[in-house]
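Listing of protein00.txt; format and content: compact mmCIF, C-alpha atoms and all ligand atoms.
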```
# COMPACT_ATOMS: atom_id res chain seq x y z
CA MET O 23 0.00 0.00 0.00
CA ALA O 24 1.10 3.54 -0.61
CA ILE O 25 -0.07 7.05 0.09
CA ARG O 26 -0.88 8.80 -3.16
CA ASN O 27 -0.73 12.50 -3.93
CA ILE O 28 -4.11 14.23 -3.53
CA VAL O 29 -5.17 16.43 -6.46
CA LYS O 30 -6.13 19.91 -5.24
CA GLU O 31 -8.91 22.22 -6.36
CA GLY O 32 -7.91 24.15 -9.48
CA ASP O 33 -6.64 21.02 -11.25
CA PRO O 34 -9.04 20.38 -14.17
CA ILE O 35 -8.99 16.64 -13.41
CA LEU O 36 -11.44 17.33 -10.56
CA ASN O 37 -14.03 18.67 -13.02
CA LYS O 38 -14.06 15.67 -15.35
CA VAL O 39 -16.66 12.92 -15.58
CA CYS O 40 -15.14 9.54 -14.67
CA ARG O 41 -15.47 6.35 -16.72
CA PRO O 42 -16.83 3.08 -15.33
CA VAL O 43 -14.44 0.38 -14.11
CA GLU O 44 -14.37 -2.59 -16.46
CA LYS O 45 -11.52 -4.70 -15.09
CA PHE O 46 -11.77 -6.07 -11.56
CA ASP O 47 -8.11 -7.00 -11.29
CA GLU O 48 -5.13 -6.62 -8.98
CA LYS O 49 -4.55 -3.10 -10.21
CA LEU O 50 -8.02 -2.11 -9.00
CA ALA O 51 -7.39 -3.79 -5.64
CA ALA O 52 -4.08 -1.92 -5.27
CA LEU O 53 -5.78 1.37 -6.15
CA LEU O 54 -8.53 0.78 -3.56
CA ASP O 55 -5.92 -0.08 -0.90
CA ASP O 56 -3.92 3.06 -1.72
CA MET O 57 -7.03 5.24 -1.74
CA TYR O 58 -8.04 4.02 1.72
CA GLU O 59 -4.55 4.58 3.12
CA THR O 60 -4.43 8.04 1.50
CA MET O 61 -7.85 8.89 2.97
CA LEU O 62 -6.85 7.80 6.49
CA ASN O 63 -3.54 9.66 6.21
CA GLY O 64 -5.43 12.82 5.28
CA GLU O 65 -7.87 12.28 8.17
CA GLY O 66 -10.76 12.24 5.73
CA VAL O 67 -13.92 10.14 5.80
CA GLY O 68 -14.04 9.59 2.04
CA LEU O 69 -11.91 9.75 -1.10
CA ALA O 70 -12.81 9.43 -4.77
CA ALA O 71 -10.49 8.13 -7.52
CA PRO O 72 -10.21 11.47 -9.40
CA GLN O 73 -8.71 12.91 -6.19
CA VAL O 74 -5.69 10.67 -6.79
CA GLY O 75 -5.71 11.43 -10.52
CA ILE O 76 -7.63 8.35 -11.70
CA LEU O 77 -10.71 9.11 -13.80
CA ARG O 78 -12.65 5.98 -12.86
CA ARG O 79 -15.93 5.58 -10.95
CA ILE O 80 -14.52 4.49 -7.58
CA PHE O 81 -14.70 5.85 -4.04
CA VAL O 82 -13.86 4.72 -0.52
CA ILE O 83 -15.57 5.86 2.67
CA ASP O 84 -15.01 5.28 6.37
CA ILE O 85 -16.97 7.43 8.78
CA GLY O 86 -15.58 5.41 11.70
CA GLU O 87 -17.83 2.41 11.14
CA GLY O 88 -15.53 0.47 8.81
CA LYS O 89 -14.31 0.67 5.24
CA ILE O 90 -16.77 0.89 2.36
CA GLU O 91 -15.50 0.45 -1.21
CA CYS O 92 -17.83 1.48 -4.05
CA VAL O 93 -17.00 0.71 -7.67
CA ASN O 94 -19.37 1.96 -10.38
CA PRO O 95 -21.79 3.34 -7.75
CA LYS O 96 -25.26 4.54 -8.60
CA ILE O 97 -27.45 6.51 -6.21
CA ILE O 98 -30.84 4.95 -6.78
CA LYS O 99 -32.90 6.73 -4.13
CA THR O 100 -32.70 9.81 -1.91
CA LYS O 101 -35.05 11.09 0.77
CA GLY O 102 -35.25 13.94 3.25
CA ARG O 103 -32.67 16.63 3.81
CA GLN O 104 -29.89 17.55 6.20
CA GLU O 105 -27.72 20.58 6.74
CA GLY O 106 -24.22 20.29 8.15
CA SER O 107 -20.57 21.10 7.78
CA GLU O 108 -18.57 19.66 4.92
CA GLY O 109 -15.04 19.83 3.61
CA CYS O 110 -12.87 18.00 1.09
CA LEU O 111 -9.29 16.72 1.05
CA SER O 112 -8.93 18.47 -2.33
CA CYS O 113 -9.92 21.83 -0.78
CA PRO O 114 -7.75 22.03 2.37
CA GLY O 115 -8.88 24.50 5.00
CA GLU O 116 -12.19 25.23 3.30
CA TYR O 117 -15.51 24.28 4.86
CA GLY O 118 -19.13 25.09 4.33
CA ILE O 119 -22.63 24.22 5.42
CA THR O 120 -24.19 22.05 2.74
CA GLU O 121 -27.64 20.74 2.06
CA ARG O 122 -27.81 17.01 1.31
CA PRO O 123 -30.41 14.23 1.42
CA MET O 124 -30.80 12.58 4.85
CA TYR O 125 -31.26 9.12 3.33
CA VAL O 126 -29.47 7.64 0.33
CA THR O 127 -29.65 4.22 -1.28
CA VAL O 128 -26.58 3.41 -3.33
CA SER O 129 -25.95 0.38 -5.45
CA ALA O 130 -22.33 -0.45 -6.37
CA GLN O 131 -19.84 -3.22 -7.06
CA ASN O 132 -17.10 -4.34 -4.69
CA ARG O 133 -13.46 -4.93 -5.72
CA PHE O 134 -14.40 -8.34 -7.13
CA GLY O 135 -17.29 -7.01 -9.23
CA ASP O 136 -20.06 -8.27 -6.96
CA GLN O 137 -23.10 -6.01 -6.73
CA PHE O 138 -24.33 -4.71 -3.36
CA THR O 139 -26.69 -2.06 -2.02
CA ILE O 140 -26.33 0.24 1.01
CA ASN O 141 -29.13 2.14 2.71
CA ALA O 142 -27.37 5.08 4.37
CA GLU O 143 -28.48 7.92 6.57
CA GLY O 144 -26.96 11.01 8.16
CA LEU O 145 -23.19 11.40 7.83
CA LEU O 146 -22.83 8.28 5.70
CA ALA O 147 -25.53 9.52 3.29
CA LYS O 148 -23.75 12.87 3.07
CA ALA O 149 -20.37 11.20 2.45
CA ILE O 150 -21.82 9.01 -0.30
CA CYS O 151 -23.33 12.05 -2.05
CA HIS O 152 -20.05 13.98 -1.70
CA GLU O 153 -17.90 11.17 -3.11
CA ASN O 154 -20.36 10.25 -5.85
CA ASP O 155 -20.35 13.89 -6.99
CA HIS O 156 -16.56 13.69 -7.45
CA LEU O 157 -17.15 11.03 -10.11
CA ASP O 158 -19.15 13.58 -12.11
CA GLY O 159 -16.63 16.38 -11.63
CA ILE O 160 -18.63 18.15 -8.93
CA LEU O 161 -17.07 19.58 -5.76
CA PHE O 162 -18.96 20.05 -2.46
CA LYS O 163 -18.87 23.81 -2.92
CA GLU O 164 -21.73 23.52 -5.38
CA HIS O 165 -23.89 22.37 -2.46
CA VAL O 166 -22.73 25.00 0.05
CA ILE O 167 -25.53 27.20 1.34
CA ARG O 168 -23.33 29.02 3.88
CA THR O 169 -19.56 29.25 4.25
CA ILE O 170 -18.01 28.76 7.66
CA ASN O 171 -14.74 29.49 9.38
CA PRO O 172 -12.81 26.29 10.27
CA ASP O 173 -12.67 27.56 13.89
CA GLU O 174 -16.44 27.05 14.09
CA LEU O 175 -15.99 23.32 13.53
CA LYS O 176 -15.71 20.81 16.34
CA VAL O 177 -14.09 18.31 13.98
CA PRO O 178 -10.90 19.71 12.42
CA SER O 179 -11.17 17.93 9.09
CA ARG O 180 -13.44 15.62 7.22
CA LYS O 181 -13.32 14.10 3.75
CO CO J 201 -14.11 15.57 -1.63
```
Transcribe the structure of this file into structure tokens.
Amino acid sequence: MAIRNIVKEGDPILNKVCRPVEKFDEKLAALLDDMYETMLNGEGVGLAAPQVGILRRIFVIDIGEGKIECVNPKIIKTKGRQEGSEGCLSCPGEYGITERPMYVTVSAQNRFGDQFTINAEGLLAKAICHENDHLDGILFKEHVIRTINPDELKVPSRK
């Protein structure tokens, strides 16, 4: 495993639409392992492949309840709304209050290509929306309804 360089806001790679994963091979497994290590090292709760320069539909999430790997994810249902603080490892030091669905159902493949579905709520739902957006070239700032000073946050960094 290795920590990869995180692409920062301003790099056009973060605004591109990612392609689906077609090969579920050792290279994909190594990428997923590296992404998770990179995410933990950055003290984030999620990381999408374009953030390490790979334009494929992949993200990893861990909100403290264990690792979730999503390959070719599709959000198939959303419900409700939540407001809360959000940041991004590609936008260091920048935070905002976003509006997101409270409940999200996502269907995805694991590293072996097997399909699974997650019903998420709260922080996990928010993280899934945030990471899924990265795969379509969208940063969290597009969902910010109010900017905040990092000093206002109880948690120093997330995502
Ligand atoms: Co992000």
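The binding environment of ligand CO 201 (chain J), defined as every protein, DNA or RNA residue with an atom no more than 9 Å away and counting only C-alpha atoms and all ligand atoms, comprises Gly66, Gly68, Leu69, Ala70, Gln73, Glu108, Gly109, Cys110, Leu111, Ser112, Cys113, Ala149, His152, Glu153, Asp155, His156, Ile160, Leu161, Phe162, Arg180 and Lys181 of chain O.
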Would you mind listing what lies within 7 Å of Ile97 (chain O) as an MDAnalysis selection string, with all atoms listed in the file counted and same-chain residues fewer than 4 positions away left out? chainID O and resid 126:129
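Atom to atom, CA of Ile76 (chain O) and CA of Leu145 (chain O) stand 25.2 Å apart.
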Do you know which residues are at most 10 Å from Phe138 (chain O) counting all atoms listed in the file, after dropping those on the same chain fewer than 2 positions away, and could you put them as a PDB file with C-alpha atoms, keeping the file's coordinate frame?
```pdb
ATOM      1  CA  CYS O  92     -17.830   1.480  -4.050  1.00  0.00           C
ATOM      2  CA  PRO O  95     -21.790   3.340  -7.750  1.00  0.00           C
ATOM      3  CA  VAL O 128     -26.580   3.410  -3.330  1.00  0.00           C
ATOM      4  CA  SER O 129     -25.950   0.380  -5.450  1.00  0.00           C
ATOM      5  CA  ALA O 130     -22.330  -0.450  -6.370  1.00  0.00           C
ATOM      6  CA  GLN O 131     -19.840  -3.220  -7.060  1.00  0.00           C
ATOM      7  CA  ASN O 132     -17.100  -4.340  -4.690  1.00  0.00           C
ATOM      8  CA  GLY O 135     -17.290  -7.010  -9.230  1.00  0.00           C
ATOM      9  CA  ASP O 136     -20.060  -8.270  -6.960  1.00  0.00           C
ATOM     10  CA  ILE O 140     -26.330   0.240   1.010  1.00  0.00           C
TER      11      ILE O 140
END
```
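Here CA of Gly144 (chain O) and CA of Tyr125 (chain O) stand 6.7 Å from one another.
The shortest atom-to-atom distance to Glu105 (chain O), with only C-alpha atoms taken into account, belongs to O:Ile167 out of O:Ala24, O:Val93, O:Met57, O:Ile167.
Nearest-residue note for Asp55 (chain O): choosing from O:Arg103, O:Asn27, O:Arg133, O:Pro42, the minimum distance belongs to O:Arg133, counting all atoms listed in the file.
Distance-wise, CA of Cys40 (chain O) and CA of Arg168 (chain O) end up 28.1 Å apart.
If you count all atoms listed in the file and ignore residues fewer than 4 places along the chain from Gly88 (chain O), what sits within 12 Å of it is O:Tyr58, O:Leu62, O:Val67, O:Gly68, O:Val82, O:Ile83, O:Asp84, O:Leu146.
Between Lys30 (chain O) and the residues O:Thr139, O:Gly64, O:Pro114, O:Gly159, the shortest atom-to-atom distance, using only C-alpha atoms, involves O:Pro114.
Using all atoms listed in the file, the shortest contact distance between Leu50 (chain O) and any of O:Val74, O:Ile80, O:Gly115, O:Met124 is found at O:Ile80.
In this comparison, which uses only C-alpha atoms, the residue of O:Phe134, O:Ala147, O:Glu121, O:Lys163 approaching Glu48 (chain O) most closely is O:Phe134.
Between Ile35 (chain O) and the residues O:Asn171, O:Leu157, O:Asp56, O:Glu116, the shortest atom-to-atom distance, using all atoms listed in the file, involves O:Leu157.
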